[in-house]
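To be precise, the following lines are query39.txt, and they hold compact mmCIF, C-alpha atoms and all ligand atoms.
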```
# COMPACT_ATOMS: atom_id res chain seq x y z
CA MET A 345 -31.52 -25.64 -20.03
CA SER A 346 -28.05 -26.68 -21.14
CA ARG A 347 -25.56 -26.88 -18.31
CA ALA A 348 -22.46 -27.19 -20.47
CA THR A 349 -22.39 -23.55 -21.52
CA PRO A 350 -22.83 -22.05 -18.02
CA ARG A 351 -20.08 -24.30 -16.67
CA ARG A 352 -17.58 -23.18 -19.30
CA ARG A 353 -18.47 -19.54 -18.84
CA ALA A 354 -18.31 -19.90 -15.07
CA GLU A 355 -14.84 -21.31 -15.39
CA LEU A 356 -13.73 -18.22 -17.29
CA THR A 357 -15.15 -15.88 -14.69
CA PHE A 358 -13.64 -17.98 -11.96
CA GLN A 359 -10.22 -17.59 -13.57
CA ALA A 360 -10.72 -13.89 -14.07
CA ASN A 361 -11.60 -13.34 -10.43
CA ARG A 362 -9.29 -15.76 -8.79
CA SER A 363 -6.37 -13.38 -8.47
CA ALA A 364 -8.54 -10.82 -6.69
CA GLY A 365 -9.82 -13.48 -4.23
CA ARG A 366 -12.06 -12.02 -1.56
CA HIS A 367 -11.06 -8.50 -2.60
CA GLY A 368 -12.96 -9.08 -5.83
CA TRP A 369 -16.23 -10.15 -4.17
CA LEU A 370 -17.91 -6.76 -4.34
CA ARG A 371 -16.57 -3.39 -5.29
CA LEU A 372 -17.33 0.11 -4.16
CA THR A 373 -16.67 2.40 -7.13
CA PRO A 374 -14.53 4.80 -5.13
CA ALA A 375 -12.80 1.98 -3.20
CA TYR A 376 -9.08 2.28 -3.40
CA ALA A 377 -6.84 -0.21 -5.09
CA ARG A 378 -5.62 -3.13 -3.07
CA ARG A 379 -2.16 -2.40 -4.46
CA VAL A 380 -1.98 0.98 -2.69
CA VAL A 381 -2.83 -0.64 0.65
CA ALA A 382 -0.46 -3.53 0.03
CA GLU A 383 2.41 -1.16 -0.70
CA LEU A 384 1.74 0.91 2.41
CA LEU A 385 1.54 -2.18 4.60
CA ASP A 386 4.73 -3.61 3.12
CA ALA A 387 6.57 -0.32 3.66
CA HIS A 388 5.48 0.16 7.28
CA ALA A 389 5.97 -2.35 10.05
CA GLY A 390 3.34 -2.82 12.75
CA GLU A 391 1.15 -5.66 13.91
CA ARG A 392 -2.07 -3.80 14.69
CA VAL A 393 -3.52 -2.14 11.60
CA LEU A 394 -6.60 0.11 11.72
CA ASP A 395 -8.95 1.43 9.04
CA PRO A 396 -11.52 3.83 10.51
CA PHE A 397 -13.35 4.12 7.13
CA SER A 398 -13.29 0.46 6.28
CA GLY A 399 -15.69 0.37 3.29
CA THR A 400 -15.45 -3.09 1.75
CA GLY A 401 -12.75 -4.08 4.26
CA THR A 402 -9.73 -3.82 1.93
CA THR A 403 -7.23 -2.73 4.61
CA ALA A 404 -8.29 -5.25 7.25
CA LEU A 405 -8.16 -8.09 4.71
CA CYS A 406 -4.78 -6.96 3.32
CA ALA A 407 -3.42 -6.89 6.89
CA ALA A 408 -4.79 -10.38 7.62
CA GLU A 409 -3.29 -11.64 4.34
CA ARG A 410 0.10 -10.50 5.68
CA GLY A 411 -0.39 -12.31 8.97
CA ARG A 412 -1.15 -9.06 10.79
CA HIS A 413 -4.24 -7.98 12.69
CA GLY A 414 -6.56 -5.66 10.81
CA THR A 415 -9.40 -3.76 12.44
CA GLY A 416 -11.96 -1.88 10.41
CA VAL A 417 -14.57 0.61 11.61
CA GLU A 418 -17.48 1.34 9.28
CA LEU A 419 -20.78 3.20 9.56
CA ASN A 420 -22.68 1.29 6.90
CA PRO A 421 -24.16 -1.97 8.29
CA PHE A 422 -24.13 -3.70 4.89
CA LEU A 423 -20.40 -3.06 4.53
CA VAL A 424 -19.77 -4.21 8.11
CA GLU A 425 -21.46 -7.52 7.31
CA LEU A 426 -19.51 -7.89 4.07
CA GLY A 427 -16.22 -7.02 5.78
CA ARG A 428 -16.83 -9.57 8.52
CA LEU A 429 -17.48 -12.30 5.97
CA LYS A 430 -14.30 -11.40 4.10
CA LEU A 431 -12.27 -11.81 7.29
CA ARG A 432 -13.85 -15.17 8.21
CA ARG A 433 -11.90 -18.41 8.38
CA PHE A 434 -13.89 -20.93 6.39
CA ALA A 435 -13.91 -24.69 6.91
CA ARG A 436 -12.36 -26.81 4.18
CA ALA A 437 -15.79 -28.10 3.14
CA THR A 438 -17.34 -24.62 2.79
CA PRO A 439 -16.59 -24.05 -0.92
CA ARG A 440 -18.04 -27.45 -1.88
CA ARG A 441 -21.10 -26.93 0.33
CA THR A 442 -21.62 -23.51 -1.22
CA THR A 443 -21.68 -24.96 -4.75
CA GLU A 444 -24.12 -27.66 -3.65
CA ALA A 445 -26.33 -25.03 -2.01
CA ALA A 446 -26.19 -22.95 -5.21
CA GLU A 447 -27.55 -25.87 -7.26
CA ARG A 448 -30.40 -26.35 -4.73
CA VAL A 449 -31.14 -22.64 -4.98
CA LEU A 450 -31.31 -22.73 -8.78
CA GLU A 451 -33.67 -25.71 -8.64
CA ALA A 452 -35.95 -23.82 -6.24
CA VAL A 453 -35.87 -20.77 -8.51
CA ALA A 454 -36.97 -22.83 -11.51
CA ALA A 455 -39.78 -24.62 -9.61
CA LYS A 456 -43.38 -23.87 -10.64
CA ASP A 457 -44.34 -22.88 -7.09
CA ALA A 458 -41.18 -20.80 -6.48
CA VAL A 459 -41.42 -18.37 -3.58
CA ARG A 460 -40.70 -14.67 -4.26
CA ALA A 461 -39.01 -12.25 -1.89
CA PRO A 462 -40.57 -8.78 -1.92
CA ALA A 463 -39.21 -6.42 -4.57
CA PRO A 464 -37.00 -3.74 -3.00
CA PRO A 465 -38.85 -0.44 -2.47
CA ILE A 466 -36.24 1.39 -4.52
CA HIS A 467 -37.28 4.54 -6.38
CA ASN A 468 -37.89 4.08 -10.12
CA ILE A 469 -37.19 0.34 -10.01
CA ALA A 470 -37.74 -0.07 -13.79
CA ARG A 471 -34.49 1.85 -14.28
CA TRP A 472 -32.71 -0.90 -12.34
CA TRP A 473 -34.24 -4.14 -13.65
CA ALA A 474 -36.48 -5.19 -16.51
CA ALA A 475 -39.68 -6.73 -15.04
CA PRO A 476 -38.91 -10.41 -15.93
CA VAL A 477 -35.39 -10.05 -14.50
CA LEU A 478 -36.77 -8.53 -11.30
CA ASP A 479 -39.16 -11.45 -10.94
CA TRP A 480 -36.28 -13.90 -11.39
CA LEU A 481 -34.21 -12.03 -8.80
CA GLN A 482 -37.10 -12.13 -6.32
CA ARG A 483 -37.18 -15.91 -6.67
CA LEU A 484 -33.41 -16.11 -6.35
CA ARG A 485 -33.43 -13.96 -3.19
CA ALA A 486 -36.11 -16.14 -1.56
CA ALA A 487 -34.23 -19.34 -2.44
CA VAL A 488 -30.94 -17.98 -1.08
CA ASP A 489 -32.70 -16.91 2.13
CA ALA A 490 -34.03 -20.45 2.57
CA GLU A 491 -30.45 -21.76 2.84
CA LYS A 492 -28.63 -21.86 6.16
CA GLY A 493 -25.34 -20.90 7.75
CA VAL A 494 -22.21 -19.80 6.01
CA ALA A 495 -23.29 -21.11 2.58
CA ARG A 496 -26.27 -18.77 2.76
CA GLU A 497 -23.98 -15.84 3.56
CA LEU A 498 -21.63 -16.62 0.67
CA LEU A 499 -24.57 -17.11 -1.69
CA GLY A 500 -25.78 -13.73 -0.44
CA VAL A 501 -22.60 -12.16 -1.82
CA ALA A 502 -23.07 -14.01 -5.12
CA PHE A 503 -26.67 -12.75 -5.20
CA CYS A 504 -25.45 -9.16 -4.82
CA ARG A 505 -23.04 -9.61 -7.73
CA THR A 506 -25.73 -11.15 -9.93
CA MET A 507 -28.32 -8.52 -9.05
CA ILE A 508 -25.93 -5.71 -10.02
CA ALA A 509 -24.71 -7.49 -13.16
CA LEU A 510 -28.32 -7.84 -14.36
CA SER A 511 -29.18 -4.23 -13.53
CA GLY A 512 -29.04 -1.05 -15.57
CA ALA A 513 -26.51 0.51 -13.17
CA ALA A 514 -23.12 1.34 -14.67
CA PHE A 515 -20.12 1.85 -12.42
CA ASP A 516 -17.56 2.98 -14.95
CA HIS A 517 -17.52 6.59 -13.71
CA VAL A 518 -16.58 8.15 -10.37
CA SER A 519 -20.27 8.07 -9.60
CA MET A 520 -22.90 5.51 -10.68
CA SER A 521 -24.98 6.10 -13.83
CA PHE A 522 -27.71 4.15 -15.68
CA LYS A 523 -27.90 2.37 -18.98
CA GLU A 524 -30.77 0.32 -20.40
CA PRO A 525 -31.40 -2.58 -17.95
CA ALA A 526 -30.54 -6.01 -19.38
CA LEU A 527 -33.33 -8.14 -20.82
CA PRO A 528 -31.84 -11.44 -22.03
CA ALA A 529 -33.90 -13.51 -24.47
CA ASP A 530 -33.96 -16.35 -21.95
CA VAL A 531 -33.99 -14.73 -18.50
CA GLU A 532 -33.98 -18.08 -16.63
CA ALA A 533 -30.92 -19.43 -18.47
CA ALA A 534 -28.98 -16.17 -18.47
CA GLY A 535 -29.75 -15.57 -14.80
CA ALA A 536 -28.65 -19.07 -13.79
CA GLU A 537 -25.48 -18.76 -15.84
CA ARG A 538 -24.63 -15.44 -14.24
CA PHE A 539 -25.37 -16.72 -10.73
CA ARG A 540 -23.22 -19.85 -11.21
CA ALA A 541 -20.32 -17.69 -12.38
CA ASP A 542 -20.73 -15.40 -9.37
CA VAL A 543 -20.91 -18.33 -6.96
CA GLU A 544 -17.64 -19.61 -8.46
CA ALA A 545 -15.96 -16.26 -7.91
CA VAL A 546 -17.12 -16.07 -4.30
CA ARG A 547 -16.29 -19.67 -3.57
CA ALA A 548 -12.78 -19.22 -4.98
CA GLY A 549 -12.16 -16.46 -2.43
CA ALA A 550 -13.49 -18.62 0.40
CA ALA A 551 -11.16 -21.49 -0.52
CA GLU A 552 -8.14 -19.77 1.01
CA ASN A 553 -8.05 -18.34 4.51
CA PRO A 554 -5.75 -15.42 5.28
CA PRO A 555 -3.09 -16.30 7.86
CA GLY A 556 -3.82 -13.28 10.07
CA ARG A 557 -6.95 -12.19 11.91
CA GLY A 558 -9.16 -9.18 11.80
CA ALA A 559 -12.25 -7.54 13.19
CA LEU A 560 -14.89 -5.29 11.69
CA LEU A 561 -16.66 -2.90 14.06
CA ARG A 562 -19.82 -1.01 13.29
CA GLY A 563 -19.22 2.52 14.42
CA ASP A 564 -18.78 6.17 13.63
CA ALA A 565 -15.26 7.41 12.83
CA ARG A 566 -16.10 10.64 14.67
CA THR A 567 -16.26 8.85 18.02
CA LEU A 568 -14.64 5.46 17.31
CA ALA A 569 -16.64 4.35 20.35
CA PRO A 570 -16.37 0.56 19.94
CA LEU A 571 -12.63 0.68 19.37
CA GLU A 572 -10.20 -0.41 22.07
CA GLY A 573 -6.46 0.00 22.51
CA GLU A 574 -3.66 1.44 20.42
CA HIS A 575 -2.72 0.63 16.85
CA ASP A 576 0.63 0.75 15.07
CA LEU A 577 -0.61 1.75 11.66
CA VAL A 578 -3.66 3.50 10.20
CA VAL A 579 -4.21 2.89 6.49
CA THR A 580 -7.46 4.34 5.24
CA SER A 581 -9.37 6.24 2.64
CA PRO A 582 -12.03 8.54 4.07
CA PRO A 583 -14.81 9.90 1.88
CA TYR A 584 -13.55 12.80 -0.23
CA PRO A 585 -15.25 16.23 -0.03
CA ASN A 586 -16.69 15.72 -3.53
CA ARG A 587 -20.35 14.94 -2.82
CA VAL A 588 -20.07 11.29 -3.88
CA SER A 589 -22.59 9.38 -1.80
CA TYR A 590 -21.75 5.81 -0.82
CA VAL A 591 -25.31 5.20 0.31
CA ARG A 592 -26.61 6.17 -3.13
CA GLU A 593 -24.53 3.45 -4.73
CA LEU A 594 -25.16 0.91 -1.98
CA ARG A 595 -28.94 1.32 -1.91
CA PRO A 596 -29.73 -1.73 -4.09
CA TYR A 597 -27.49 -3.97 -1.98
CA MET A 598 -28.97 -2.57 1.22
CA TYR A 599 -32.60 -2.99 0.14
CA TRP A 600 -32.11 -6.54 -1.11
CA THR A 601 -30.23 -7.56 2.04
CA GLY A 602 -32.75 -5.97 4.45
CA HIS A 603 -30.46 -3.18 5.66
CA LEU A 604 -32.77 -0.49 4.27
CA HIS A 605 -36.54 -0.49 4.25
CA GLU A 606 -37.49 2.95 3.00
CA ALA A 607 -35.89 5.87 1.18
CA ARG A 608 -35.79 8.05 4.31
CA GLU A 609 -33.41 5.66 6.04
CA ALA A 610 -30.85 6.11 3.26
CA GLY A 611 -30.82 9.88 3.80
CA GLU A 612 -30.55 9.44 7.59
CA LEU A 613 -27.55 7.15 7.18
CA ASP A 614 -25.89 9.56 4.75
CA TRP A 615 -26.39 12.44 7.18
CA ARG A 616 -24.27 10.50 9.69
CA ALA A 617 -21.68 9.70 6.99
CA ILE A 618 -18.85 12.16 6.55
CA GLY A 619 -19.37 13.99 3.25
CA GLY A 620 -22.81 12.36 2.84
CA THR A 621 -25.11 14.11 0.44
CA TRP A 622 -28.10 11.86 -0.26
CA GLY A 623 -31.73 12.94 0.38
CA VAL A 624 -32.20 14.54 3.77
CA ALA A 625 -28.41 14.80 4.17
CA THR A 626 -28.44 17.68 1.69
CA SER A 627 -31.59 19.42 2.87
CA ARG A 628 -30.35 19.42 6.49
CA LEU A 629 -27.16 21.20 5.44
CA ALA A 630 -29.17 24.35 4.80
CA SER A 631 -29.77 24.76 8.54
CA TRP A 632 -26.48 23.28 9.75
CA THR A 633 -24.26 25.56 11.84
CA PRO A 634 -20.59 24.98 12.55
CA ARG A 635 -19.71 23.91 16.06
CA ALA A 636 -16.58 25.97 16.57
CA ALA A 637 -15.61 28.38 13.83
CA ALA A 638 -12.27 29.14 15.51
CA ALA A 639 -11.07 25.58 14.94
CA ARG A 640 -11.03 25.87 11.14
CA PRO A 641 -7.71 25.64 9.29
CA SER A 642 -6.76 29.10 7.96
CA ALA A 643 -6.86 27.94 4.33
CA LEU A 644 -10.44 26.76 4.86
CA GLU A 645 -11.40 30.09 6.44
CA ALA A 646 -10.21 31.78 3.23
CA LEU A 647 -11.81 29.22 0.91
CA LEU A 648 -15.36 29.15 2.32
CA PRO A 649 -16.40 32.69 1.21
CA ARG A 650 -15.08 31.92 -2.30
CA VAL A 651 -17.16 28.72 -2.53
CA ARG A 652 -20.18 30.58 -1.12
CA GLU A 653 -19.90 33.22 -3.84
CA ALA A 654 -18.96 30.84 -6.65
CA HIS A 655 -22.62 30.17 -7.50
CA PRO A 656 -25.61 32.36 -6.56
CA LYS A 657 -27.97 29.46 -5.80
CA ASN A 658 -25.77 26.50 -4.77
CA GLY A 659 -22.72 28.32 -3.36
CA PRO A 660 -23.97 28.68 0.26
CA LEU A 661 -25.00 25.00 0.44
CA LEU A 662 -21.66 23.84 -0.99
CA ALA A 663 -19.76 26.05 1.46
CA ALA A 664 -21.72 24.45 4.33
CA TYR A 665 -20.96 21.02 2.86
CA VAL A 666 -17.20 21.69 2.75
CA ASP A 667 -17.23 23.29 6.21
CA ARG A 668 -19.08 20.35 7.77
CA TYR A 669 -16.83 17.84 6.02
CA PHE A 670 -13.67 19.30 7.57
CA GLU A 671 -15.31 19.76 10.97
CA ASP A 672 -16.19 16.06 10.89
CA MET A 673 -12.65 15.12 9.83
CA ALA A 674 -11.23 17.21 12.71
CA THR A 675 -13.58 15.41 15.13
CA HIS A 676 -12.48 12.07 13.68
CA LEU A 677 -8.76 12.85 14.08
CA ASP A 678 -9.28 13.92 17.71
CA ALA A 679 -11.10 10.65 18.39
CA LEU A 680 -8.33 8.72 16.64
CA ARG A 681 -5.39 10.20 18.59
CA PRO A 682 -5.63 7.91 21.66
CA HIS A 683 -5.83 4.85 19.39
CA VAL A 684 -2.51 5.41 17.63
CA ARG A 685 0.70 4.42 19.36
CA ARG A 686 3.37 7.15 19.69
CA GLY A 687 5.77 6.44 16.85
CA GLY A 688 3.08 4.63 14.85
CA SER A 689 1.95 6.08 11.52
CA LEU A 690 -1.11 7.24 9.57
CA HIS A 691 -1.65 7.02 5.82
CA TYR A 692 -4.79 8.64 4.39
CA VAL A 693 -5.66 8.28 0.71
CA ILE A 694 -7.72 11.34 -0.19
CA GLY A 695 -8.81 13.24 -3.29
CA ASN A 696 -9.20 16.98 -3.71
CA ALA A 697 -12.41 18.46 -5.12
CA SER A 698 -13.57 21.41 -7.15
CA PHE A 699 -16.82 23.37 -6.97
CA TYR A 700 -17.50 25.88 -9.74
CA GLY A 701 -13.77 26.25 -10.31
CA GLU A 702 -12.91 26.67 -6.61
CA LEU A 703 -10.39 24.00 -5.74
CA VAL A 704 -10.74 22.34 -2.32
CA PRO A 705 -7.21 21.21 -1.37
CA ALA A 706 -8.40 18.34 0.84
CA GLU A 707 -4.89 16.91 1.20
CA ALA A 708 -3.38 20.13 2.59
CA LEU A 709 -6.36 20.75 4.87
CA LEU A 710 -6.20 17.18 6.16
CA ALA A 711 -2.46 17.52 6.85
CA GLU A 712 -3.17 20.65 8.90
CA LEU A 713 -5.95 18.93 10.83
CA MET A 714 -3.63 15.99 11.58
CA GLU A 715 -1.09 18.33 13.12
CA ARG A 716 -3.77 20.08 15.19
CA ALA A 717 -4.94 16.70 16.52
CA GLY A 718 -1.43 15.99 17.78
CA PHE A 719 -0.01 13.87 14.97
CA VAL A 720 3.53 14.63 13.88
CA ALA A 721 5.18 15.77 10.64
CA PRO A 722 2.37 15.35 8.08
CA GLU A 723 3.54 14.94 4.52
CA VAL A 724 1.57 14.94 1.29
CA GLU A 725 2.48 12.51 -1.49
CA LEU A 726 0.87 12.68 -4.93
CA LEU A 727 -0.66 9.31 -5.79
CA ARG A 728 -2.39 9.75 -9.13
CA LYS A 729 -4.28 12.05 -11.41
CA ARG A 730 -7.99 11.27 -11.55
CA ASN A 731 -9.26 11.00 -15.09
CA SER A 732 -12.45 12.96 -14.54
CA LYS A 733 -11.28 16.59 -14.39
CA LYS A 734 -7.92 18.15 -15.09
CA GLU A 735 -7.13 19.51 -11.65
CA LEU A 736 -8.33 16.50 -9.65
CA PHE A 737 -5.74 14.30 -7.98
CA GLU A 738 -5.47 11.66 -5.32
CA PHE A 739 -2.87 11.93 -2.58
CA VAL A 740 -1.59 9.99 0.39
CA VAL A 741 -1.25 12.11 3.51
CA HIS A 742 1.26 10.51 5.87
CA ALA A 743 1.86 11.46 9.51
CA ARG A 744 3.35 9.93 12.64
CA GLY A 745 1.62 9.12 15.89
C1 LIG A 801 -13.60 5.87 0.40
S1 LIG A 801 -14.68 4.76 1.20
C2 LIG A 801 -13.58 3.55 1.80
C3 LIG A 801 -13.33 2.47 0.79
C4 LIG A 801 -12.41 1.41 1.31
N1 LIG A 801 -11.04 1.89 1.37
C5 LIG A 801 -12.49 0.17 0.43
O1 LIG A 801 -11.47 -0.29 -0.08
O2 LIG A 801 -13.61 -0.33 0.24
C6 LIG A 801 -15.16 5.61 2.65
C7 LIG A 801 -16.01 4.83 3.62
O3 LIG A 801 -16.22 5.60 4.79
C8 LIG A 801 -17.49 5.27 5.32
N2 LIG A 801 -17.88 6.33 6.25
C9 LIG A 801 -18.38 7.55 5.96
N3 LIG A 801 -18.62 8.24 7.09
C10 LIG A 801 -18.25 7.45 8.12
C11 LIG A 801 -18.25 7.61 9.53
N4 LIG A 801 -18.72 8.73 10.09
N5 LIG A 801 -17.79 6.59 10.28
C12 LIG A 801 -17.34 5.44 9.71
N6 LIG A 801 -17.33 5.22 8.38
C13 LIG A 801 -17.78 6.22 7.59
C14 LIG A 801 -18.36 5.14 4.09
O4 LIG A 801 -19.51 4.37 4.38
C15 LIG A 801 -17.41 4.47 3.11
O5 LIG A 801 -17.57 3.07 3.17
```

The structure given in the file should be rewritten as structure tokens.
Ligand SMILES: C[S@@+](CC[C@H](N)C(=O)[O-])C[C@H]1O[C@@H](n2cnc3c(N)ncnc32)[C@H](O)[C@@H]1O
Amino acid sequence: MSRATPRRRAELTFQANRSAGRHGWLRLTPAYARRVVAELLDAHAGERVLDPFSGTGTTALCAAERGRHGTGVELNPFLVELGRLKLRRFARATPRRTTEAAERVLEAVAAKDAVRAPAPPIHNIARWWAAPVLDWLQRLRAAVDAEKGVARELLGVAFCRTMIALSGAAFDHVSMSFKEPALPADVEAAGAERFRADVEAVRAGAAENPPGRGALLRGDARTLAPLEGEHDLVVTSPPYPNRVSYVRELRPYMYWTGHLHEAREAGELDWRAIGGTWGVATSRLASWTPRAAAARPSALEALLPRVREAHPKNGPLLAAYVDRYFEDMATHLDALRPHVRRGGSLHYVIGNASFYGELVPAEALLAELMERAGFVAPEVELLRKRNSKKELFEFVVHARG
């Protein structure tokens, strides 16, 4: 195998990713732009920054990059692990050690007696990876797992990038879709080239430590149980009420990293997620009953019958989905109130949704829920038009503590 070509290509990818640093390690399709967070942080003073729906940890990392303290809360254990790694302070030798470990890994992968990690028990796996690519990935996973310490963790991120790059999953829409899975003529060479490029991208992010600190807590935004103390600023993007499932998209990462073992677990996790809709999370909605109907915003009270009647078969389920979403958001905002300093501020990036032509004005409903939870003077700012459908927009809902 020629090493000259992979090196050159890796250099290109390295350059392309360098500006994104750790933010570019892994993406969630509906993750918000770092620029939006950066602008909000630059416009609002405050040392202690909180993101109760941390996702890939964008807010906490942006805060740490500005010398502030960023705390993220996230339900998904894979994202908690990723977020923690992004906030880590790495030793000066870590990037070099990671490259050395990557070369050892690639040697182990190419060995005749290479060990294979089990294939993930993901439904319809042939849609994800061509068989020879899957076999190569199983060897890569086992070799990465044989490494130790922080290099192993960073190589784990590179593995995730490579595994997705070699898959048939396409992330160019709001929600994930599938194309034909890649089958390079020389799987070994193409795989190694891809992995080296991904290691370079990860290692580039690890080469610079942010000046500030941060913490990532595994928890539920509806209770915020592990969270302590008050915060000056909340900058976050909760799930939108649009039936996009984060677990659906994260399944391959979670299987390969041992955070999921069977399909049922994905549905269970999505049932606990706000706006979750995967597997059992949808079937359970049919028997879900609201906790306190009187607590609904008036606009929601008027909207629910319209959604229910918008489609003879799916309307009732969608109405329950929307109802539960806003009940969960109300619960979240009540749990948040004691953690925001009086005079501090909240900034929620949220998108509206539409079901069979019935528009769900998530931004206005969220503003009303903020006021009910005791936050002051909510204001809605239009952020951008989403390209998918005409009437779909993203907003920032601001309020004061
Ligand atoms: C829009 S994404 C956040 C993306 C994030 N801003 C980023 O840049 O990656 C919403 C996140 O909320 C998380 N989430 C959903 N329900 C939650 C809950 N009950 N508690 C905590 N996090 C939750 C999801 O797992 C998802 O990562």

Output as AutoDock Vina command-line options the centre and edge lengths (Å, one decimal) of the box along x, y and z of the file that holds every listed atom of ligand LIG 801 (chain A) after adding 4 Å on each side.
```
--center_x -15.3 --center_y 4.2 --center_z 5.1 --size_x 16.5 --size_y 17.1 --size_z 18.4
```

Handout entry: 7 Å shell around ligand LIG 801 (chain A) using all atoms listed in the file, listed as number ranges by chain
Key = A: 371-372, 374-377, 396-403, 417-420, 423, 563-566, 580-584, 590, 616-619

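The space separating atom CA of A:Asp386 from atom CA of A:Gly365 comes to 19.1 Å.
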
Mind dumping a table of every stretch 540-586 of chain A residue within 6 Å of stretch 677-695 of chain A, with the nearest atom pair and its distance in Å to one decimal, using all atoms listed in the file, sorted by chain and rising number, as CSV?
```
residue,atom,partner,partner_atom,distance
A:Thr567,CA,A:Ala679,CA,5.5
A:Gly573,CA,A:His683,CA,5.8
A:Glu574,CA,A:His683,CA,4.2
A:His575,CA,A:Val684,CA,4.8
A:Asp576,CA,A:Gly688,CA,4.6
A:Leu577,CA,A:Ser689,CA,5.0
A:Val578,CA,A:Leu690,CA,4.6
A:Val579,CA,A:His691,CA,4.9
A:Thr580,CA,A:Tyr692,CA,5.1
A:Ser581,CA,A:Val693,CA,4.7
A:Tyr584,CA,A:Gly695,CA,5.7
```

Exercise for the section: Name the residues in contact with A:Arg428 at a cut-off of 12 Å, using all atoms listed in the file, excluding same-chain residues fewer than 2 positions from it; report them as a VMD selection string. Expected result: chain A and resid 366 398 to 402 404 to 405 414 to 418 421 to 426 430 to 434 494 497 to 498 557 to 562

Problem - Distance of atom CA of A:Ala708 from atom CA of A:Glu735, expressed in Å to one decimal place - result: 14.7 Å

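Computed from the coordinates, the atom CA of A:Pro656 to atom CA of A:Tyr700 distance equals 10.9 Å.
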
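Considering the residues A:Ala474, A:Leu481, A:Ala643, A:Ala706 and counting all atoms listed in the file, A:Val459 has its shortest atom-to-atom contact with A:Leu481.
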
Please fill the gaps in stretch 608-623 of chain A so it has N, CA and C atoms, and write that as a tab-separated table (two decimals), in the coordinates of the input.
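The resulting file, result-v4.tsv, is shown below:
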```
chain	number	residue	atom	x	y	z
A	608	ARG	N	-36.20	7.14	3.23
A	608	ARG	CA	-35.79	8.05	4.31
A	608	ARG	C	-34.57	7.56	5.06
A	609	GLU	N	-34.53	6.23	5.27
A	609	GLU	CA	-33.41	5.66	6.04
A	609	GLU	C	-32.07	5.90	5.35
A	610	ALA	N	-32.10	5.90	4.01
A	610	ALA	CA	-30.85	6.11	3.26
A	610	ALA	C	-30.31	7.51	3.53
A	611	GLY	N	-31.22	8.50	3.52
A	611	GLY	CA	-30.82	9.88	3.80
A	611	GLY	C	-30.31	10.03	5.23
A	612	GLU	N	-30.98	9.36	6.18
A	612	GLU	CA	-30.55	9.44	7.59
A	612	GLU	C	-29.13	8.89	7.74
A	613	LEU	N	-28.87	7.76	7.09
A	613	LEU	CA	-27.55	7.15	7.18
A	613	LEU	C	-26.49	8.07	6.55
A	614	ASP	N	-26.86	8.69	5.43
A	614	ASP	CA	-25.89	9.56	4.75
A	614	ASP	C	-25.65	10.85	5.53
A	615	TRP	N	-26.60	11.25	6.34
A	615	TRP	CA	-26.39	12.44	7.18
A	615	TRP	C	-25.33	12.13	8.25
A	616	ARG	N	-25.29	10.88	8.70
A	616	ARG	CA	-24.27	10.50	9.69
A	616	ARG	C	-22.93	10.23	9.01
A	617	ALA	N	-22.93	9.96	7.71
A	617	ALA	CA	-21.68	9.70	6.99
A	617	ALA	C	-20.94	11.01	6.76
A	618	ILE	N	-19.65	10.96	6.85
A	618	ILE	CA	-18.85	12.16	6.55
A	618	ILE	C	-18.94	12.40	5.04
A	619	GLY	N	-19.26	13.65	4.68
A	619	GLY	CA	-19.37	13.99	3.25
A	619	GLY	C	-20.64	13.46	2.60
A	620	GLY	N	-21.57	12.93	3.40
A	620	GLY	CA	-22.81	12.36	2.84
A	620	GLY	C	-23.67	13.45	2.22
A	621	THR	N	-24.42	13.08	1.21
A	621	THR	CA	-25.11	14.11	0.44
A	621	THR	C	-26.44	13.62	-0.13
A	622	TRP	N	-26.92	12.45	0.34
A	622	TRP	CA	-28.10	11.86	-0.26
A	622	TRP	C	-29.36	12.26	0.50
A	623	GLY	N	-30.41	12.64	-0.21
A	623	GLY	CA	-31.73	12.94	0.38
A	623	GLY	C	-31.62	13.99	1.47
```
